[in-house]
$ cat coords.txt   # compact mmCIF, C-alpha atoms
# COMPACT_ATOMS: atom_id res chain seq x y z
CA MET P 275 -16.10 3.54 36.26
CA PHE P 276 -16.18 2.38 32.63
CA GLU P 277 -19.64 1.86 31.16
CA VAL P 278 -20.47 -0.02 27.98
CA LYS P 279 -22.38 2.30 25.62
CA ASN P 280 -23.84 -0.43 23.43
CA ASP P 281 -24.13 -4.17 23.33
CA GLN P 282 -21.57 -4.31 20.49
CA ALA P 283 -18.35 -2.42 19.77
CA GLU P 284 -18.78 0.21 17.06
CA TRP P 285 -16.08 -1.26 14.85
CA ARG P 286 -17.88 -4.62 14.89
CA LYS P 287 -21.05 -2.98 13.54
CA ILE P 288 -19.10 -1.40 10.69
CA TYR P 289 -17.17 -4.64 10.11
CA ALA P 290 -20.39 -6.65 9.84
CA LYS P 291 -21.74 -4.14 7.31
CA ALA P 292 -18.45 -4.10 5.37
CA LEU P 293 -18.58 -7.89 4.98
CA THR P 294 -21.79 -7.47 2.97
CA LEU P 295 -20.24 -5.01 0.50
CA ASN P 296 -19.24 -5.80 -3.06
CA VAL P 297 -16.25 -4.22 -4.76
CA ASP P 298 -16.85 -0.49 -5.36
CA ASP P 299 -19.79 -0.34 -2.94
CA VAL P 300 -19.54 2.76 -0.74
CA LEU P 301 -20.30 3.20 2.94
CA THR P 302 -21.13 6.89 3.10
CA TYR P 303 -20.47 9.03 6.15
CA ASP P 304 -24.25 9.24 6.55
CA ASP P 305 -24.52 5.43 6.43
CA LEU P 306 -21.82 5.16 9.06
CA GLY P 307 -23.52 7.77 11.23
CA ASP P 308 -26.82 5.90 11.01
CA LEU P 309 -25.09 2.60 11.76
CA LEU P 310 -23.42 4.03 14.87
CA ASP P 311 -26.31 6.31 15.84
CA ARG P 312 -23.93 9.27 16.19
CA ASP P 313 -21.88 11.73 14.14
CA PHE P 314 -19.29 9.43 12.58
CA LEU P 315 -16.97 12.30 11.62
CA ALA P 316 -16.55 13.27 15.28
CA ASP P 317 -14.63 10.01 15.87
CA ARG P 318 -13.47 7.86 12.96
CA SER P 319 -11.52 5.35 15.05
CA PRO P 320 -14.01 2.47 14.49
CA ILE P 321 -13.40 2.56 10.72
CA TYR P 322 -9.65 2.22 11.22
CA ARG P 323 -10.15 -0.88 13.35
CA THR P 324 -12.61 -2.22 10.78
CA ILE P 325 -10.04 -1.72 8.00
CA ARG P 326 -7.35 -3.53 10.04
CA GLU P 327 -9.72 -6.45 10.66
CA LEU P 328 -10.76 -6.65 6.99
CA GLU P 329 -7.14 -6.66 5.86
CA LYS P 330 -6.07 -9.22 8.46
CA ASN P 331 -9.01 -11.62 8.23
CA ASN P 332 -10.67 -11.12 4.85
CA ALA P 333 -7.99 -9.99 2.36
CA ARG P 334 -10.05 -6.85 1.71
CA THR P 335 -9.71 -3.17 2.46
CA LEU P 336 -11.68 0.04 2.37
CA ALA P 337 -10.42 3.08 0.47
CA ASN P 338 -11.41 6.58 1.48
CA VAL P 339 -13.62 8.43 -0.98
CA LYS P 340 -12.91 12.04 -0.09
CA GLY P 341 -15.93 13.85 1.27
CA ILE P 342 -18.21 10.84 0.77
CA GLY P 343 -17.14 7.78 2.81
CA TYR P 344 -15.30 4.51 2.30
CA ARG P 345 -15.37 2.18 -0.71
CA LEU P 346 -14.58 -1.53 -0.83
CA ALA P 347 -11.43 -1.65 -2.95
CA ALA P 348 -10.76 -4.26 -5.62
CA ALA P 349 -7.79 -6.58 -5.03
CA VAL P 350 -5.83 -4.95 -7.86
CA GLU P 351 -6.10 -1.59 -6.05
CA HIS P 352 -4.24 -2.76 -2.95
CA GLU P 353 -0.82 -2.17 -4.51
CA GLY P 354 -1.65 1.45 -5.32
CA LEU P 355 -3.12 2.01 -1.87
CA ALA P 356 0.01 0.53 -0.27
CA ARG P 357 2.28 2.70 -2.42
CA SER P 358 0.26 5.75 -1.45
CA HIS P 359 0.70 4.98 2.25
CA HIS P 360 4.40 4.37 1.65
CA GLN P 361 4.77 7.79 -0.03
CA ARG P 362 2.94 9.48 2.84
CA SER P 363 5.15 7.71 5.37
CA ARG P 364 8.25 9.04 3.59
CA ARG P 365 6.87 12.58 3.70
CA GLN P 366 6.04 12.19 7.38
CA LEU P 367 9.58 10.95 8.05
CA ARG P 368 11.03 14.01 6.29
CA LYS P 369 8.78 16.24 8.40
CA ALA P 370 9.90 14.44 11.56
CA VAL P 371 13.57 15.00 10.67
CA SER P 372 12.84 18.67 10.02
CA LYS P 373 11.04 19.07 13.35
CA ALA P 374 13.86 17.45 15.29
CA ALA P 375 16.54 19.42 13.43
CA SER P 376 14.80 22.76 13.87
CA ALA P 377 14.58 22.61 17.67
CA ASN P 378 16.53 25.45 19.27
CA ARG P 379 19.07 23.55 21.37
CA ALA P 380 20.02 26.71 23.27
CA GLU P 381 16.61 26.66 24.96
CA MET P 382 16.98 23.05 26.12
CA THR P 383 18.54 21.29 29.05
CA VAL P 384 21.45 18.95 28.46
CA ASP P 385 19.11 15.94 28.78
CA GLU P 386 16.60 17.40 26.33
CA ARG P 387 19.39 18.16 23.82
CA LYS P 388 20.67 14.58 24.09
CA ARG P 389 17.20 13.18 23.47
CA ILE P 390 16.42 15.42 20.49
CA ASP P 391 19.90 14.85 18.99
CA GLY P 392 19.47 11.08 19.37
CA LEU P 393 16.02 11.25 17.84
CA GLU P 394 17.23 13.37 14.93
CA MET P 395 20.14 11.01 14.27
CA SER P 396 17.85 7.99 14.38
CA LEU P 397 15.33 9.61 12.02
CA ARG P 398 18.10 10.63 9.59
CA GLN P 399 19.50 7.08 9.58
CA HIS P 400 16.04 5.69 8.95
CA SER P 401 15.54 8.14 6.09
CA GLN P 402 18.92 7.27 4.55
CA MET P 403 18.20 3.55 4.83
CA ILE P 404 14.89 4.00 3.00
CA ARG P 405 16.64 6.07 0.32
CA ARG P 406 19.23 3.30 -0.21
CA LEU P 407 16.50 0.64 -0.38
CA ASP P 408 14.58 2.74 -2.92
CA LEU P 409 17.70 3.04 -5.09
CA ARG P 410 18.24 -0.71 -4.89
CA ASP P 411 14.59 -1.30 -5.83
CA LYS P 412 14.92 1.01 -8.86
CA GLU P 413 18.06 -0.83 -9.99
CA ARG P 414 16.29 -4.18 -9.66
CA GLU P 415 13.26 -2.90 -11.55
CA ALA P 416 15.56 -1.74 -14.38
CA GLN P 417 17.28 -5.14 -14.40
CA LEU P 418 13.92 -6.93 -14.55
CA LYS P 419 12.79 -4.68 -17.39
CA ASP P 420 15.98 -5.51 -19.32
CA LEU P 421 15.51 -9.24 -18.68
CA ARG P 422 11.90 -9.09 -19.88
CA ARG P 423 12.97 -7.23 -23.00
CA GLU P 424 15.68 -9.84 -23.70
CA LYS P 425 13.26 -12.70 -23.04
CA ASN P 426 10.68 -11.21 -25.39
CA ALA P 427 13.34 -10.81 -28.09
CA ASP P 428 14.48 -14.42 -27.58
CA VAL P 429 10.90 -15.71 -27.76
CA ALA P 430 10.26 -13.71 -30.93
CA GLU P 431 13.44 -15.11 -32.51
CA LEU P 432 12.53 -18.68 -31.54
CA SER P 433 9.01 -18.22 -32.87
CA GLU P 434 10.41 -16.97 -36.16
CA ARG P 435 12.76 -19.98 -36.37
CA VAL P 436 9.91 -22.40 -35.69
CA ASP P 437 7.83 -20.74 -38.41
CA ARG P 438 10.73 -21.05 -40.89
CA LEU P 439 11.25 -24.71 -39.98
CA ALA P 440 7.52 -25.42 -40.41
CA GLU P 441 7.61 -23.78 -43.86
CA LEU P 442 10.68 -25.80 -44.80
CA LEU P 443 9.05 -29.04 -43.66
CA GLU P 444 5.87 -28.27 -45.59
CA ARG P 445 7.89 -27.52 -48.73
CA HIS P 446 9.42 -30.99 -48.43
CA GLY P 447 6.05 -32.62 -47.87
CA VAL P 448 6.42 -33.26 -44.15
CA GLN P 449 3.47 -32.29 -41.99
CA PRO P 450 4.83 -30.68 -38.75
CA GLN P 451 3.69 -32.32 -35.53
CA GLY P 452 0.76 -30.53 -33.91
CA ALA P 453 -0.33 -28.94 -37.21
CA SER P 454 -3.71 -29.83 -38.66

$ encode --input "coords.txt" --output "structure tokens"
Amino acid sequence: MFEVKNDQAEWRKIYAKALTLNVDDVLTYDDLGDLLDRDFLADRSPIYRTIRELEKNNARTLANVKGIGYRLAAAVEHEGLARSHHQRSRRQLRKAVSKAASANRAEMTVDERKRIDGLEMSLRQHSQMIRRLDLRDKEREAQLKDLRREKNADVAELSERVDRLAELLERHGVQPQGAS
């Protein structure tokens, strides 16, 4: 039968501690081991639940500090962390396609071949869809960059015109509105 080890789930202990952290504070592996009264590295699952809870309920996250522990990340770091996970997910998808494609169909039953072929096709479609979305994102980013460049040029031109008008008004003895 299932027995409760402690009065509180391990992730809740870490979560409570994480709520007290300031940006860039680190929970070391030793701290986590002391908090859980066990070797934290033997089972990291409580930290993953803690991170999910922090992200869902507190708009915060922990970033791994390799070989040391977990650090409370600043809000501006979340984009980079998300992009990093996205890159890793793409690599994992490529690996999944490779694994499915490399299976020796001659050693499989008809049912097994159908399943692996279906899986490979699904993974390839997923990969192609992501590739198309990435291309669309790059096109949109280029369009936004062009629009920003045009806007900045337009603002600079308008600013120059306003300056020339202010000079002209001053030459004719008219004090421009808003000038002191």

$ residues_around --input "coords.txt" --residues "Arg286 (chain P)" --least-positions-apart "3" --cutoff "12 Å" --atoms "all atoms listed in the file" --output "list of chain:residue names"
P:Asn280, P:Asp281, P:Gln282, P:Ala283, P:Tyr289, P:Ala290, P:Lys291, P:Ala292, P:Leu293, P:Leu309, P:Leu310, P:Ser319, P:Pro320, P:Ile321, P:Tyr322, P:Arg323, P:Thr324, P:Ile325, P:Arg326, P:Glu327, P:Leu328

$ residues_around --input "coords.txt" --residues "Arg379 (chain P)" --least-positions-apart "6" --cutoff "9 Å" --atoms "only C-alpha atoms" --output "number ranges by chain"
P: 386-387, 390

$ atom_distance --input "coords.txt" --atom1 "CA of Lys287 (chain P)" --atom2 "CA of Ile342 (chain P)"
19.0 Å

$ atom_distance --input "coords.txt" --atom1 "CA of Thr335 (chain P)" --atom2 "CA of Asp305 (chain P)"
17.6 Å

$ atom_distance --input "coords.txt" --atom1 "CA of Leu355 (chain P)" --atom2 "CA of Ala337 (chain P)"
7.7 Å

$ residues_around --input "coords.txt" --residues "Leu439 (chain P)" --least-positions-apart "6" --cutoff "12 Å" --atoms "only C-alpha atoms" --output "JSON, numbers by chain"
{"P": [432, 433, 445, 446, 448, 449, 450, 451]}

$ residues_around --input "coords.txt" --residues "Asp317 (chain P)" --least-positions-apart "5" --cutoff "12 Å" --atoms "only C-alpha atoms" --output "PyMOL selection string"
chain P and resi 284-285+303+306-307+310+312+322

$ closest_residue --input "coords.txt" --among "P:His400, P:Asp298, P:Ala440, P:Arg318" --to "Ser363 (chain P)" --atoms "all atoms listed in the file"
P:His400

$ closest_residue --input "coords.txt" --among "P:Val300, P:Glu431, P:Ala375, P:His352" --to "Val339 (chain P)" --atoms "all atoms listed in the file"
P:Val300

$ build_atoms --input "coords.txt" --residues "region 402-415 of chain P" --atoms "N, CA, C and O atoms" --output "mmCIF file, in the coordinates of the input"
data_model
loop_
_atom_site.group_PDB
_atom_site.id
_atom_site.type_symbol
_atom_site.label_atom_id
_atom_site.label_comp_id
_atom_site.auth_asym_id
_atom_site.auth_seq_id
_atom_site.Cartn_x
_atom_site.Cartn_y
_atom_site.Cartn_z
ATOM 1 N N GLN P 402 17.851 7.684 5.466
ATOM 2 C CA GLN P 402 18.920 7.270 4.550
ATOM 3 C C GLN P 402 18.770 5.791 4.169
ATOM 4 O O GLN P 402 19.008 5.417 3.017
ATOM 5 N N MET P 403 18.387 4.966 5.119
ATOM 6 C CA MET P 403 18.200 3.550 4.830
ATOM 7 C C MET P 403 17.087 3.367 3.792
ATOM 8 O O MET P 403 17.223 2.600 2.838
ATOM 9 N N ILE P 404 15.995 4.088 3.961
ATOM 10 C CA ILE P 404 14.890 4.000 3.000
ATOM 11 C C ILE P 404 15.351 4.480 1.623
ATOM 12 O O ILE P 404 15.012 3.877 0.610
ATOM 13 N N ARG P 405 16.131 5.551 1.590
ATOM 14 C CA ARG P 405 16.640 6.070 0.320
ATOM 15 C C ARG P 405 17.509 5.010 -0.383
ATOM 16 O O ARG P 405 17.370 4.779 -1.583
ATOM 17 N N ARG P 406 18.382 4.349 0.383
ATOM 18 C CA ARG P 406 19.230 3.300 -0.210
ATOM 19 C C ARG P 406 18.385 2.128 -0.724
ATOM 20 O O ARG P 406 18.642 1.587 -1.796
ATOM 21 N N LEU P 407 17.379 1.733 0.054
ATOM 22 C CA LEU P 407 16.500 0.640 -0.380
ATOM 23 C C LEU P 407 15.731 1.026 -1.647
ATOM 24 O O LEU P 407 15.542 0.191 -2.539
ATOM 25 N N ASP P 408 15.280 2.269 -1.716
ATOM 26 C CA ASP P 408 14.580 2.740 -2.920
ATOM 27 C C ASP P 408 15.487 2.687 -4.133
ATOM 28 O O ASP P 408 15.059 2.280 -5.220
ATOM 29 N N LEU P 409 16.750 3.103 -3.973
ATOM 30 C CA LEU P 409 17.700 3.040 -5.090
ATOM 31 C C LEU P 409 17.914 1.605 -5.533
ATOM 32 O O LEU P 409 17.949 1.306 -6.728
ATOM 33 N N ARG P 410 18.059 0.701 -4.567
ATOM 34 C CA ARG P 410 18.240 -0.710 -4.890
ATOM 35 C C ARG P 410 17.017 -1.256 -5.624
ATOM 36 O O ARG P 410 17.139 -1.994 -6.605
ATOM 37 N N ASP P 411 15.815 -0.864 -5.164
ATOM 38 C CA ASP P 411 14.590 -1.300 -5.830
ATOM 39 C C ASP P 411 14.541 -0.801 -7.276
ATOM 40 O O ASP P 411 14.158 -1.543 -8.183
ATOM 41 N N LYS P 412 14.921 0.455 -7.503
ATOM 42 C CA LYS P 412 14.920 1.010 -8.860
ATOM 43 C C LYS P 412 15.900 0.270 -9.752
ATOM 44 O O LYS P 412 15.608 -0.001 -10.924
ATOM 45 N N GLU P 413 17.073 -0.067 -9.205
ATOM 46 C CA GLU P 413 18.060 -0.830 -9.990
ATOM 47 C C GLU P 413 17.495 -2.201 -10.352
ATOM 48 O O GLU P 413 17.636 -2.650 -11.492
ATOM 49 N N ARG P 414 16.858 -2.850 -9.402
ATOM 50 C CA ARG P 414 16.290 -4.180 -9.660
ATOM 51 C C ARG P 414 15.151 -4.106 -10.679
ATOM 52 O O ARG P 414 15.009 -4.987 -11.521
ATOM 53 N N GLU P 415 14.340 -3.075 -10.574
ATOM 54 C CA GLU P 415 13.260 -2.900 -11.550
ATOM 55 C C GLU P 415 13.830 -2.715 -12.953
ATOM 56 O O GLU P 415 13.303 -3.277 -13.914
#
